[in-house]
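Q: Sharing a structure below in C-alpha cells format, with a few things to ask.
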Amino acid sequence: ICASARADQASQGPGSAHAACHPEPPSTRSEASVRVRPGCFAVPLVPVTLAFLSGILLATRVPCPWPAVVAAGVIGACLTLFTKRSFVASLVSIVVVWTCVGALRTIHWTFESPADIARQVSAEPSPVAVHGIIVNDPAEIFSPNEPLKQVGVIAVRHVRLNGAWEPAEGLVRARLQQPRVELAHGDDVLLEGQWSPVPPPGNPGQYDWRAALARQRIRVLLAVAPSDGVVRLGHRPSWWASLVIGARHRLEARIDGAFAGLDAALIRSFILGQRALLPEELKSAFIETGTMHLVVVSGFNVALIGLMLDLALRLLGCPRGWRLAGTAAGLLGYCAITGMQPPVLRATLMAWVVLGAAWMGRLVNWPNTLAASALVILCWNPMQLFDPGFQLSFGAVLSLLLLMDPARRMIEPWTAGIAPGWLGRYLAIGLASTLAVWVGLWPMLAWYFHLISPVSLIANLILVPLVSVLVSLGTSVLAAGLLVPPLVHLAAPALEQVMDLIISVVRLLQQVPLGSWWVGHPSWTVMAGYYALLALTLLARPLRIT
C-alpha cells in the first residue's frame with residue numbers, strides 16, 4: 001500500500017507520499033477525511049461486470065424488446081445524476097445501467113437479419129451454392145477412417161437455392177473432402193455442396209457442438225464432396241492476417257521439418273494449440289489424469305511466455321517502461337499466432353491489465369483484474385459466458401485467490417521438514433494450488449466432462465515443471481528458428497527427450513487405481529449445496545461463525 005501511495009503521490013510534492021503512508025490521527029482531520037469509503041470503491045469493476053453478466057442472462061432467458069431495455073437504461077442513467085449523495089441509490093442506478101448494456105449487447109449479438117442463412121437452411125441436407133470470403137485459416141483434418149478434409153469458416157455474401165443468386169448473411173462452416181483448390185484466409189470462393197443446420201447432441205450429456213458453434217455465430221454446416229464445385233475467385237487478405245498466418249505456417253514448416261509423427265503433433269499442441277493430430281488414446285490419458293490443460297495453449301503458456309519475454313528484455317538492459325511494453329506486444333503476437341483462441345485471449349487480456357497496473361505504478365487488484373478481463377471478453381462476445389472454457393478459466397483463478405492460502409497453511413506443516421528447503425516450498429505451493437483448483441472446480445468438471453481425477457494432484461505436481469521446460473525451450477527455439485532454421489534441428493533431440501518423459505509419466509499415472517473415475521451428471525441441487533457449503537466455510541472466520 002505504501003508503494004502504491006508513493007507512486008500516486010510522487011507528483012504532489014515530497015511530503016504527500018509520507019502523508020499517504022502515515023496518516024494523521026482521526027482527531028486532527030476534518031469529518032470528510034475520516035469517512036470510510038464503501039468496499040466496492042476498491043473494486044469498482046466487480047459490480048459493473050456482475051451487472052453486465054446479469055444483463056446477458058436476462059436477455060437469453062426472457063424476451064426483452066430492445067426499446068424497453070433502452071428506456072430502462074435511460075431511467076437508470078438519470079437516477080445516477082440525481083442520487084450522487086446516496087451511495088446505495090447510486091450503486092443501484094449503476095447496476096441498472098450496466099444490466100441494460102449487457103442485455104442490449106446480447107440482443108445485438110443474437111439478432112438474425114431477414115437475409116441470415118440460418119433462416120433459409122432446411123432441416124434436412126439440401127443442395128446449395130455459396131459465395132463468400134474465408135475468414136479463418138483453413139485447417140487440414142486427418143482421420144484414419146475418413147479421407148483428407150479441409151475445414152474453414154466462410155462469411156457468406158450470396159446463396160443460390162432455386163436457380164437464382166440472392167444476397168445472404170452469416171457464417172458457415174465448410175468441410176471440403178480432398179480439396180482440389182488450396183484455400184487460404186481471405187480467398188473469395190464459390191462452393192457447391194449440401195448444407196444443413198448444426199445437429200444437436202445425440203445423447204444426454206454429450207458435448208453440445210451446436211451450442212459451441214452458435215457462440216461463434218456459426219449455425220450452418222456445408223459439406224463439399226469431391227464431385228462438387230470449388231472455385232477460387234480472388235484473394236483479399238488483410239496485411240495483419242497475412243503476416244500472422246505466414247509466421248504460423250513458417251513455424252509449422254520448422255516443426256514438420258525437425259520432428260516426425262507423435263513428436264510433431266505434441267509440439268504443435270503444446271506451443272501452437274493444434275491438438276487435432278494427437279492420437280485419441282493419448283488425449284484420453286491427459287484427460288483422465290487431469291492434465292489436459294497443459295496440452296492446449298492457455299493461461300499457463302501466456303504466463304510462461306510473459307516471464308520469458310520479461311527476462312530476455314531485462315538481460316538486454318531495457319528500461320522498465322520499454323520492458324513492459326515489449327512484453328505486452330510479445331503476448332499479443334503469441335495470441336495472434338495461436339489463432340486468438342479464447343483461453344489465450346482471456347489470459348492475454350488479464351496479463352495486459354497486470355502490465356498496465358505495473359506501468360502506472362499501481363498495485364494489482366485481482367478482483368478488479370478478473371472483472372476487467374471478463375468485461376472486455378463479454379463485451380466482445382457475450383455468449384462466451386456460457387462457454388465451459390470461460391467458466392473454468394475464471395473459476396480456476398477465483399479458486400486460487402480464495403483457496404490457495406488456506407490450502408497452503410494446511411499443507412506447509414507436512415512439508416516443512418523436507419530438505420532442501422526449496423523442494424519443501426515447491427511441494428507446498430504446488431500441492432496447494434492444485435488442491436485449490438480441484439476443490440473449486442470438481443463439480444463443474446463433473447458437470448461438463450463427467451470425470452473426477454484425484455490423481456491430478458500428483459500429475460500436475462510432476463508435469464508442470466516438465467511442460468514448463470518444454471514450452472519455454474520449444475518456444476524460444478522455434479522463435480529463433482524463424483531466422484536461423486538449423487537451430488530447430490539442433491534442439492530437436494533434447495525436446496524429444498522431454499516429450500518422451502512427459503508421455504511416460506502421463507501413461508503411468510493413468511494406470512493408478514482409482515486415480516480417476518467417470519461420474520453421472522450432477523444435479524443443480526448438489527452443485528448449489530456444495531458451493532454454498534464452500535462459501536460458508538470461507539466466510540466462517542470473517543463472520544465469526546463457529
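Residue names in the C-alpha cells use chain letters A, B, ... in the order shown, residue numbers from 1 in each chain, and ligand numbers from 1 in the order shown.
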Neighbouring residues of Val376 in chain A were defined as those with any atom within 12 Å, considering only C-alpha atoms; residues of the same chain fewer than 4 positions away were excluded. Please report them as a ChimeraX atom specification.
A: /A:45,48-49,52-53,102,345-350,352-353,369-372,380-382,384-385
Q: Those selected residues, please, written with N, CA and C atoms and delivered as a compact mmCIF listing (two decimals), in the first residue's frame.
A:
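The resulting file, result-v3.txt, is reproduced below:
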```txt
# COMPACT_ATOMS: atom_id res chain seq x y z
N LEU A 45 -15.01 -2.34 -10.71
CA LEU A 45 -15.43 -3.09 -11.89
C LEU A 45 -16.18 -4.37 -11.54
N VAL A 48 -19.92 -3.69 -11.74
CA VAL A 48 -20.22 -3.40 -13.14
C VAL A 48 -20.26 -4.69 -13.96
N THR A 49 -19.24 -5.54 -13.77
CA THR A 49 -19.18 -6.79 -14.52
C THR A 49 -20.31 -7.73 -14.13
N PHE A 52 -23.37 -6.47 -15.85
CA PHE A 52 -23.33 -6.80 -17.29
C PHE A 52 -23.65 -8.28 -17.50
N LEU A 53 -23.10 -9.13 -16.65
CA LEU A 53 -23.37 -10.56 -16.72
C LEU A 53 -24.86 -10.84 -16.48
N GLY A 102 -25.58 -4.86 -20.87
CA GLY A 102 -25.35 -6.27 -21.14
C GLY A 102 -26.49 -6.89 -21.93
N LEU A 345 -6.65 -15.63 -25.44
CA LEU A 345 -7.13 -14.26 -25.45
C LEU A 345 -7.50 -13.81 -24.04
N ARG A 346 -8.17 -14.68 -23.28
CA ARG A 346 -8.53 -14.33 -21.90
C ARG A 346 -7.28 -14.07 -21.07
N ALA A 347 -6.30 -14.96 -21.17
CA ALA A 347 -5.08 -14.80 -20.38
C ALA A 347 -4.29 -13.57 -20.82
N THR A 348 -4.28 -13.28 -22.13
CA THR A 348 -3.56 -12.12 -22.62
C THR A 348 -4.19 -10.83 -22.11
N LEU A 349 -5.51 -10.75 -22.12
CA LEU A 349 -6.19 -9.56 -21.60
C LEU A 349 -5.87 -9.37 -20.12
N MET A 350 -5.87 -10.46 -19.36
CA MET A 350 -5.56 -10.37 -17.94
C MET A 350 -4.11 -9.92 -17.74
N TRP A 352 -2.38 -8.05 -19.80
CA TRP A 352 -2.32 -6.63 -20.13
C TRP A 352 -2.78 -5.76 -18.96
N VAL A 353 -3.81 -6.21 -18.25
CA VAL A 353 -4.27 -5.44 -17.09
C VAL A 353 -3.17 -5.38 -16.04
N THR A 369 -8.94 -7.04 -11.62
CA THR A 369 -8.30 -7.59 -12.82
C THR A 369 -9.19 -8.65 -13.47
N LEU A 370 -9.72 -9.55 -12.66
CA LEU A 370 -10.64 -10.56 -13.20
C LEU A 370 -11.86 -9.91 -13.82
N ALA A 371 -12.43 -8.92 -13.11
CA ALA A 371 -13.63 -8.27 -13.62
C ALA A 371 -13.36 -7.54 -14.93
N ALA A 372 -12.21 -6.86 -15.02
CA ALA A 372 -11.89 -6.14 -16.25
C ALA A 372 -11.73 -7.10 -17.43
N TRP A 380 -17.06 -8.20 -26.13
CA TRP A 380 -16.72 -8.67 -27.47
C TRP A 380 -17.66 -9.78 -27.91
N ASN A 381 -17.93 -10.74 -27.02
CA ASN A 381 -18.80 -11.87 -27.35
C ASN A 381 -19.54 -12.28 -26.09
N PRO A 382 -20.77 -11.80 -25.89
CA PRO A 382 -21.50 -12.12 -24.65
C PRO A 382 -21.80 -13.60 -24.48
N GLN A 384 -19.78 -15.94 -24.71
CA GLN A 384 -18.67 -16.61 -24.05
C GLN A 384 -19.01 -16.97 -22.60
N LEU A 385 -19.99 -16.28 -22.04
CA LEU A 385 -20.40 -16.57 -20.67
C LEU A 385 -20.82 -18.03 -20.51
```
Q: Using only C-alpha atoms, determine which residues lie at most 10 Å from Gly163 in chain A, disregarding the query and same-chain residues fewer than 3 positions distant; provide the list as a PyMOL selection string.
A: chain A and resi 128-129+159-160+166
Q: Which polymer residues have any atom within 12 Å of an atom of Gln341 in chain A, counting only C-alpha atoms, with same-chain residues fewer than 2 positions away left out, as a tab-separated table (two decimals) with N, CA, C and O atoms, in the first residue's frame?
A:
```tsv
chain	number	residue	atom	x	y	z
A	136	ASN	N	-11.06	-17.41	-41.79
A	136	ASN	CA	-10.09	-18.02	-40.87
A	136	ASN	C	-9.02	-18.72	-41.69
A	136	ASN	O	-9.06	-18.73	-42.92
A	216	GLN	N	-20.04	-18.83	-31.67
A	216	GLN	CA	-19.22	-18.15	-32.68
A	216	GLN	C	-20.08	-17.65	-33.86
A	216	GLN	O	-19.53	-17.27	-34.89
A	272	LEU	N	1.42	-24.35	-30.22
A	272	LEU	CA	0.50	-23.66	-31.12
A	272	LEU	C	-0.96	-23.99	-30.84
A	272	LEU	O	-1.84	-23.38	-31.44
A	273	GLY	N	-1.23	-24.93	-29.96
A	273	GLY	CA	-2.61	-25.26	-29.63
A	273	GLY	C	-3.32	-26.09	-30.67
A	273	GLY	O	-4.55	-26.16	-30.68
A	274	GLN	N	-2.58	-26.77	-31.55
A	274	GLN	CA	-3.18	-27.59	-32.61
A	274	GLN	C	-3.16	-29.05	-32.16
A	274	GLN	O	-2.20	-29.78	-32.39
A	296	VAL	N	-3.20	-28.05	-24.22
A	296	VAL	CA	-3.74	-26.97	-25.04
A	296	VAL	C	-3.14	-25.65	-24.57
A	296	VAL	O	-2.79	-25.49	-23.40
A	297	VAL	N	-3.00	-24.71	-25.50
A	297	VAL	CA	-2.47	-23.40	-25.12
A	297	VAL	C	-3.49	-22.69	-24.24
A	297	VAL	O	-4.69	-22.72	-24.51
A	298	SER	N	-3.02	-22.07	-23.18
A	298	SER	CA	-3.93	-21.46	-22.21
A	298	SER	C	-3.16	-20.40	-21.44
A	298	SER	O	-2.08	-19.95	-21.85
A	299	GLY	N	-3.71	-20.03	-20.28
A	299	GLY	CA	-3.04	-19.05	-19.44
A	299	GLY	C	-1.69	-19.52	-18.96
A	299	GLY	O	-0.80	-18.70	-18.69
A	302	VAL	N	0.69	-18.45	-21.62
A	302	VAL	CA	0.82	-17.00	-21.63
A	302	VAL	C	1.71	-16.54	-20.47
A	302	VAL	O	2.57	-15.65	-20.63
A	332	LEU	N	0.76	-10.21	-27.38
A	332	LEU	CA	-0.21	-10.00	-28.46
A	332	LEU	C	0.18	-10.83	-29.68
A	332	LEU	O	-0.67	-11.46	-30.33
A	334	TYR	N	1.96	-13.61	-29.73
A	334	TYR	CA	1.72	-15.03	-29.47
A	334	TYR	C	0.24	-15.35	-29.55
A	334	TYR	O	-0.16	-16.40	-30.09
A	335	CYS	N	-0.59	-14.47	-29.01
A	335	CYS	CA	-2.05	-14.67	-29.07
A	335	CYS	C	-2.51	-14.74	-30.52
A	335	CYS	O	-3.36	-15.57	-30.88
A	336	ALA	N	-1.97	-13.88	-31.37
A	336	ALA	CA	-2.37	-13.87	-32.78
A	336	ALA	C	-1.90	-15.13	-33.50
A	336	ALA	O	-2.65	-15.73	-34.28
A	337	ILE	N	-0.67	-15.57	-33.24
A	337	ILE	CA	-0.13	-16.76	-33.92
A	337	ILE	C	-0.90	-18.02	-33.54
A	337	ILE	O	-1.07	-18.92	-34.36
A	338	THR	N	-1.41	-18.08	-32.31
A	338	THR	CA	-2.20	-19.25	-31.90
A	338	THR	C	-3.65	-19.16	-32.36
A	338	THR	O	-4.47	-20.00	-31.97
A	339	GLY	N	-3.97	-18.14	-33.17
A	339	GLY	CA	-5.31	-18.05	-33.72
A	339	GLY	C	-6.32	-17.36	-32.82
A	339	GLY	O	-7.53	-17.58	-32.98
A	343	PRO	N	-8.98	-19.22	-24.73
A	343	PRO	CA	-8.18	-19.27	-23.49
A	343	PRO	C	-6.96	-18.36	-23.53
A	343	PRO	O	-6.62	-17.72	-22.53
A	344	VAL	N	-6.30	-18.28	-24.69
A	344	VAL	CA	-5.12	-17.42	-24.81
A	344	VAL	C	-5.54	-15.95	-24.78
A	344	VAL	O	-4.88	-15.11	-24.16
A	345	LEU	N	-6.65	-15.63	-25.44
A	345	LEU	CA	-7.13	-14.26	-25.45
A	345	LEU	C	-7.50	-13.81	-24.04
A	345	LEU	O	-7.17	-12.69	-23.62
A	346	ARG	N	-8.17	-14.68	-23.28
A	346	ARG	CA	-8.53	-14.33	-21.90
A	346	ARG	C	-7.28	-14.07	-21.07
A	346	ARG	O	-7.20	-13.08	-20.33
A	347	ALA	N	-6.30	-14.96	-21.17
A	347	ALA	CA	-5.08	-14.80	-20.38
A	347	ALA	C	-4.29	-13.57	-20.82
A	347	ALA	O	-3.69	-12.88	-19.99
A	348	THR	N	-4.28	-13.28	-22.13
A	348	THR	CA	-3.56	-12.12	-22.62
A	348	THR	C	-4.19	-10.83	-22.11
A	348	THR	O	-3.49	-9.89	-21.70
A	389	GLY	N	-14.98	-23.29	-21.29
A	389	GLY	CA	-13.63	-22.78	-21.11
A	389	GLY	C	-13.60	-21.47	-20.36
A	389	GLY	O	-12.74	-21.24	-19.50
A	390	PHE	N	-14.54	-20.57	-20.68
A	390	PHE	CA	-14.63	-19.29	-19.98
A	390	PHE	C	-14.90	-19.52	-18.50
A	390	PHE	O	-14.25	-18.94	-17.62
```
Q: Can you pull out every residue within 9 Å of Met444 in chain A, counting only C-alpha atoms, but drop anything in the same chain fewer than 6 positions away, and send it as an MDAnalysis selection string?
A: chainID A and resid 388 391:392 450 522 527
Q: Please write the residues from the selection above to a file, keeping N, CA, C and O atoms, as a compact mmCIF listing (two decimals), in the first residue's frame.
A:
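Below you can see out_17.txt, which holds the result:
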```txt
# COMPACT_ATOMS: atom_id res chain seq x y z
N PRO A 388 -17.79 -23.45 -21.59
CA PRO A 388 -17.12 -24.12 -20.47
C PRO A 388 -15.71 -23.60 -20.22
O PRO A 388 -15.29 -23.48 -19.07
N GLN A 391 -15.88 -20.35 -18.20
CA GLN A 391 -16.25 -20.59 -16.81
C GLN A 391 -15.12 -21.26 -16.03
O GLN A 391 -14.83 -20.89 -14.89
N LEU A 392 -14.45 -22.24 -16.66
CA LEU A 392 -13.38 -22.94 -15.96
C LEU A 392 -12.15 -22.06 -15.79
O LEU A 392 -11.45 -22.15 -14.77
N HIS A 450 -18.01 -35.21 -16.90
CA HIS A 450 -18.39 -36.46 -16.23
C HIS A 450 -17.17 -37.20 -15.71
O HIS A 450 -17.12 -38.43 -15.76
N PRO A 522 -24.10 -34.35 -12.32
CA PRO A 522 -24.57 -33.90 -11.01
C PRO A 522 -25.78 -32.98 -11.14
O PRO A 522 -25.90 -32.23 -12.11
N MET A 527 -24.78 -29.26 -6.83
CA MET A 527 -23.79 -28.21 -7.11
C MET A 527 -24.05 -26.98 -6.24
O MET A 527 -23.12 -26.40 -5.67
```
Q: Residues near Gln120 in chain A, anyone? I mean within 12 Å using only C-alpha atoms, not counting same-chain ones fewer than 6 positions away, as a list in words.
A: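 That gives Glu112, Ser113, Pro114, Ser126, Val128, His158, Val159, Arg160, Leu161, Asn162, Glu166, Pro167, Ala168, Glu169, Gly170, Trp195, Ser196, Pro197, Arg219 and Val220 of chain A.
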Q: Print the selection's residues with all heavy atoms to a file, as a short mmCIF file (atom, residue, chain, number, x, y, z; two decimals), in the first residue's frame.
A:
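Listing of result-v9.cif after writing:
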```
data_model
loop_
_atom_site.label_atom_id
_atom_site.label_comp_id
_atom_site.auth_asym_id
_atom_site.auth_seq_id
_atom_site.Cartn_x
_atom_site.Cartn_y
_atom_site.Cartn_z
N GLU A 112 -30.85 -11.91 -35.75
CA GLU A 112 -30.77 -12.53 -37.07
C GLU A 112 -31.52 -11.66 -38.07
O GLU A 112 -32.72 -11.45 -37.93
CB GLU A 112 -31.37 -13.95 -37.05
CG GLU A 112 -30.59 -14.94 -36.22
CD GLU A 112 -31.20 -16.33 -36.28
OE1 GLU A 112 -32.18 -16.50 -37.03
OE2 GLU A 112 -30.72 -17.23 -35.57
N SER A 113 -30.80 -11.18 -39.07
CA SER A 113 -31.44 -10.36 -40.10
C SER A 113 -32.27 -11.25 -41.03
O SER A 113 -32.09 -12.47 -41.06
CB SER A 113 -30.37 -9.62 -40.92
OG SER A 113 -29.63 -10.54 -41.70
N PRO A 114 -33.20 -10.66 -41.79
CA PRO A 114 -34.01 -11.47 -42.72
C PRO A 114 -33.18 -12.24 -43.74
O PRO A 114 -33.62 -13.27 -44.24
CB PRO A 114 -34.90 -10.42 -43.40
CG PRO A 114 -34.98 -9.30 -42.42
CD PRO A 114 -33.65 -9.26 -41.74
N SER A 126 -29.59 -30.17 -48.01
CA SER A 126 -30.13 -29.80 -49.33
C SER A 126 -29.04 -29.16 -50.16
O SER A 126 -28.10 -28.55 -49.62
CB SER A 126 -31.32 -28.84 -49.18
OG SER A 126 -30.94 -27.68 -48.45
N VAL A 128 -26.93 -26.57 -52.44
CA VAL A 128 -26.84 -25.12 -52.41
C VAL A 128 -25.51 -24.71 -53.04
O VAL A 128 -24.54 -25.48 -53.07
CB VAL A 128 -26.93 -24.60 -50.95
CG1 VAL A 128 -25.69 -25.00 -50.17
CG2 VAL A 128 -27.11 -23.08 -50.89
N HIS A 158 -23.60 -14.40 -50.88
CA HIS A 158 -24.73 -14.76 -51.74
C HIS A 158 -24.95 -16.27 -51.67
O HIS A 158 -24.01 -17.03 -51.43
CB HIS A 158 -24.47 -14.36 -53.22
CG HIS A 158 -24.19 -12.92 -53.42
ND1 HIS A 158 -22.91 -12.40 -53.32
CD2 HIS A 158 -25.00 -11.86 -53.71
CE1 HIS A 158 -22.94 -11.10 -53.54
NE2 HIS A 158 -24.19 -10.75 -53.79
N VAL A 159 -26.20 -16.67 -51.88
CA VAL A 159 -26.53 -18.10 -51.98
C VAL A 159 -27.43 -18.31 -53.20
O VAL A 159 -28.16 -17.39 -53.61
CB VAL A 159 -27.23 -18.62 -50.70
CG1 VAL A 159 -26.33 -18.51 -49.50
CG2 VAL A 159 -28.54 -17.90 -50.47
N ARG A 160 -27.34 -19.53 -53.75
CA ARG A 160 -28.22 -19.90 -54.85
C ARG A 160 -28.95 -21.19 -54.45
O ARG A 160 -28.35 -22.24 -54.29
CB ARG A 160 -27.42 -20.14 -56.13
CG ARG A 160 -28.30 -20.39 -57.37
CD ARG A 160 -27.44 -20.70 -58.57
NE ARG A 160 -26.74 -21.97 -58.40
CZ ARG A 160 -25.76 -22.39 -59.20
NH1 ARG A 160 -25.34 -21.62 -60.20
NH2 ARG A 160 -25.18 -23.56 -58.99
N LEU A 161 -30.27 -21.05 -54.28
CA LEU A 161 -31.08 -22.18 -53.85
C LEU A 161 -31.97 -22.70 -54.97
O LEU A 161 -32.05 -23.90 -55.20
CB LEU A 161 -31.94 -21.79 -52.65
CG LEU A 161 -31.19 -21.57 -51.33
CD1 LEU A 161 -32.13 -21.01 -50.26
CD2 LEU A 161 -30.57 -22.87 -50.84
N ASN A 162 -32.64 -21.81 -55.65
CA ASN A 162 -33.62 -22.22 -56.66
C ASN A 162 -33.26 -21.66 -58.04
O ASN A 162 -34.11 -21.20 -58.79
CB ASN A 162 -35.02 -21.74 -56.26
CG ASN A 162 -35.47 -22.33 -54.93
OD1 ASN A 162 -35.31 -23.53 -54.71
ND2 ASN A 162 -36.00 -21.50 -54.06
N GLU A 166 -29.10 -14.85 -54.52
CA GLU A 166 -29.73 -13.89 -53.63
C GLU A 166 -28.73 -13.44 -52.57
O GLU A 166 -27.89 -14.24 -52.14
CB GLU A 166 -30.95 -14.50 -52.95
CG GLU A 166 -32.05 -14.93 -53.89
CD GLU A 166 -33.21 -15.56 -53.15
OE1 GLU A 166 -33.10 -15.67 -51.89
OE2 GLU A 166 -34.20 -15.94 -53.79
N PRO A 167 -28.80 -12.16 -52.15
CA PRO A 167 -27.91 -11.72 -51.07
C PRO A 167 -28.19 -12.50 -49.79
O PRO A 167 -29.33 -12.87 -49.50
CB PRO A 167 -28.25 -10.24 -50.91
CG PRO A 167 -28.92 -9.85 -52.17
CD PRO A 167 -29.64 -11.07 -52.68
N ALA A 168 -27.13 -12.76 -49.03
CA ALA A 168 -27.27 -13.52 -47.79
C ALA A 168 -26.20 -13.07 -46.80
O ALA A 168 -25.20 -12.45 -47.18
CB ALA A 168 -27.16 -15.02 -48.05
N GLU A 169 -26.43 -13.36 -45.52
CA GLU A 169 -25.51 -13.02 -44.45
C GLU A 169 -25.34 -14.22 -43.53
O GLU A 169 -26.20 -15.09 -43.46
CB GLU A 169 -26.02 -11.82 -43.63
CG GLU A 169 -26.20 -10.55 -44.42
CD GLU A 169 -26.78 -9.44 -43.55
OE1 GLU A 169 -26.99 -9.69 -42.34
OE2 GLU A 169 -27.05 -8.35 -44.07
N GLY A 170 -24.22 -14.23 -42.83
CA GLY A 170 -23.99 -15.28 -41.84
C GLY A 170 -22.71 -16.04 -42.10
O GLY A 170 -22.03 -15.85 -43.13
N TRP A 195 -25.90 -28.23 -47.64
CA TRP A 195 -25.84 -27.52 -46.37
C TRP A 195 -26.96 -28.00 -45.46
O TRP A 195 -27.97 -28.53 -45.89
CB TRP A 195 -25.82 -26.01 -46.53
CG TRP A 195 -27.12 -25.36 -46.94
CD1 TRP A 195 -28.28 -25.95 -47.33
CD2 TRP A 195 -27.36 -23.95 -46.97
NE1 TRP A 195 -29.24 -25.02 -47.61
CE2 TRP A 195 -28.70 -23.78 -47.40
CE3 TRP A 195 -26.61 -22.83 -46.69
CZ2 TRP A 195 -29.29 -22.53 -47.55
CZ3 TRP A 195 -27.18 -21.58 -46.84
CH2 TRP A 195 -28.50 -21.43 -47.27
N SER A 196 -26.74 -27.81 -44.15
CA SER A 196 -27.69 -28.28 -43.14
C SER A 196 -27.43 -27.53 -41.85
O SER A 196 -26.32 -27.00 -41.64
CB SER A 196 -27.55 -29.79 -42.92
OG SER A 196 -26.25 -30.10 -42.46
N PRO A 197 -28.41 -27.46 -40.95
CA PRO A 197 -28.15 -26.86 -39.64
C PRO A 197 -27.25 -27.74 -38.80
O PRO A 197 -27.14 -28.95 -39.03
CB PRO A 197 -29.56 -26.75 -39.02
CG PRO A 197 -30.37 -27.77 -39.72
CD PRO A 197 -29.82 -27.86 -41.12
N ARG A 219 -24.14 -21.36 -37.45
CA ARG A 219 -25.33 -22.19 -37.25
C ARG A 219 -25.58 -23.12 -38.44
O ARG A 219 -26.57 -23.86 -38.43
CB ARG A 219 -26.56 -21.31 -37.02
CG ARG A 219 -26.47 -20.44 -35.77
CD ARG A 219 -27.72 -19.58 -35.60
NE ARG A 219 -27.63 -18.81 -34.37
CZ ARG A 219 -27.06 -17.63 -34.27
NH1 ARG A 219 -26.49 -17.08 -35.34
NH2 ARG A 219 -27.03 -16.98 -33.12
N VAL A 220 -24.71 -23.07 -39.45
CA VAL A 220 -24.93 -23.83 -40.67
C VAL A 220 -23.65 -24.56 -41.05
O VAL A 220 -22.55 -24.00 -40.94
CB VAL A 220 -25.38 -22.91 -41.83
CG1 VAL A 220 -25.59 -23.72 -43.11
CG2 VAL A 220 -26.66 -22.17 -41.46
#
```
Q: Just the number, please: distance in Å from CA of Pro44 in chain A to CA of Ser399 in chain A, one decimal.
A: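 Taking CA of Pro44 in chain A and CA of Ser399 in chain A, their separation equals 20.8 Å.
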Q: Can you list, as an mmCIF file with all heavy atoms, in the first residue's frame, every protein, DNA or RNA residue that comes within 7 Å of Asn460 in chain A when you count only C-alpha atoms, leaving out same-chain residues fewer than 4 positions away?
A:
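Produced file result26.cif, reproduced below:
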```
data_model
loop_
_atom_site.group_PDB
_atom_site.id
_atom_site.type_symbol
_atom_site.label_atom_id
_atom_site.label_comp_id
_atom_site.auth_asym_id
_atom_site.auth_seq_id
_atom_site.Cartn_x
_atom_site.Cartn_y
_atom_site.Cartn_z
ATOM 1 N N THR A 291 -4.694 -33.364 -16.732
ATOM 2 C CA THR A 291 -3.606 -32.503 -17.220
ATOM 3 C C THR A 291 -3.836 -32.029 -18.650
ATOM 4 O O THR A 291 -2.899 -31.566 -19.294
ATOM 5 C CB THR A 291 -2.260 -33.255 -17.135
ATOM 6 O OG1 THR A 291 -2.362 -34.503 -17.846
ATOM 7 C CG2 THR A 291 -1.881 -33.529 -15.698
ATOM 8 N N SER A 456 -4.901 -36.038 -10.414
ATOM 9 C CA SER A 456 -4.390 -34.772 -10.964
ATOM 10 C C SER A 456 -3.551 -34.006 -9.943
ATOM 11 O O SER A 456 -2.706 -33.195 -10.319
ATOM 12 C CB SER A 456 -5.551 -33.896 -11.435
ATOM 13 O OG SER A 456 -6.381 -33.518 -10.352
ATOM 14 N N VAL A 464 3.913 -30.168 -14.435
ATOM 15 C CA VAL A 464 4.048 -28.718 -14.644
ATOM 16 C C VAL A 464 5.498 -28.307 -14.883
ATOM 17 O O VAL A 464 5.791 -27.550 -15.823
ATOM 18 C CB VAL A 464 3.416 -27.940 -13.467
ATOM 19 C CG1 VAL A 464 3.873 -26.482 -13.475
ATOM 20 C CG2 VAL A 464 1.890 -27.991 -13.558
#
```
Q: Give the helix (DSSP H, G or I) residues of range 158-390 of chain A, as DSSP finds them on the backbone, and put them as number ranges by chain.
A: A: 209-214, 239-258, 262-272, 280-288, 292-295, 299-315, 320-337, 342-359, 366-380, 382-386, 388-390
Q: Any idea what the distance is between CA of Val97 in chain A and CA of Ala77 in chain A?
A: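 So the answer is 6.2 Å.
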Q: As a PyMOL selection string, please: the residues near Ile458 in chain A (cut-off 9 Å, only C-alpha atoms, same-chain neighbours under 3 positions excluded).
A: chain A and resi 289+431+434+454-455+461-463+509
Q: May I have the residues from that selection written out with C-alpha atoms, as a short mmCIF file (atom, residue, chain, number, x, y, z; two decimals), in the first residue's frame?
A:
```
data_model
loop_
_atom_site.label_atom_id
_atom_site.label_comp_id
_atom_site.auth_asym_id
_atom_site.auth_seq_id
_atom_site.Cartn_x
_atom_site.Cartn_y
_atom_site.Cartn_z
CA THR A 289 -5.02 -37.52 -15.31
CA LEU A 431 0.01 -29.11 -3.91
CA THR A 434 -3.62 -27.89 -7.48
CA PRO A 454 -7.88 -37.12 -7.79
CA VAL A 455 -4.64 -38.27 -9.46
CA LEU A 461 2.96 -31.54 -9.46
CA ILE A 462 5.19 -33.69 -11.69
CA LEU A 463 4.17 -32.49 -15.15
CA LEU A 509 -0.35 -42.12 -13.81
#
```
Q: Rank A:Val230, A:Ala258, A:Leu221, A:Leu91 by their smallest atom-to-atom distance to Glu124 in chain A, using only C-alpha atoms, and report the top residue only.
A: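 Under the stated criterion, the closest residue is A:Leu221.
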Q: Give the answer as one residue: which of A:Val354, A:Val92, A:Leu457, A:Val484 has the shortest atom-to-atom distance to Gly290 in chain A, using only C-alpha atoms?
A: A:Leu457
Q: Rounded to one decimal in Å, what is the spacing between CA of Pro493 in chain A and CA of Ile245 in chain A?
A: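 CA of Ile245 in chain A lies at a distance of 27.2 Å from CA of Pro493 in chain A.
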Q: Restricting the calculation to only C-alpha atoms: of A:Val70, A:Val156, A:Val151, A:Val437, which residue gets closest to Glu182 in chain A?
A: A:Val151
Q: DSSP on the backbone, then: every residue of range 143-173 of chain A marked strand (DSSP E or B), written as a PyMOL selection string.
A: chain A and resi 143+146-160+165-167+169+171-173
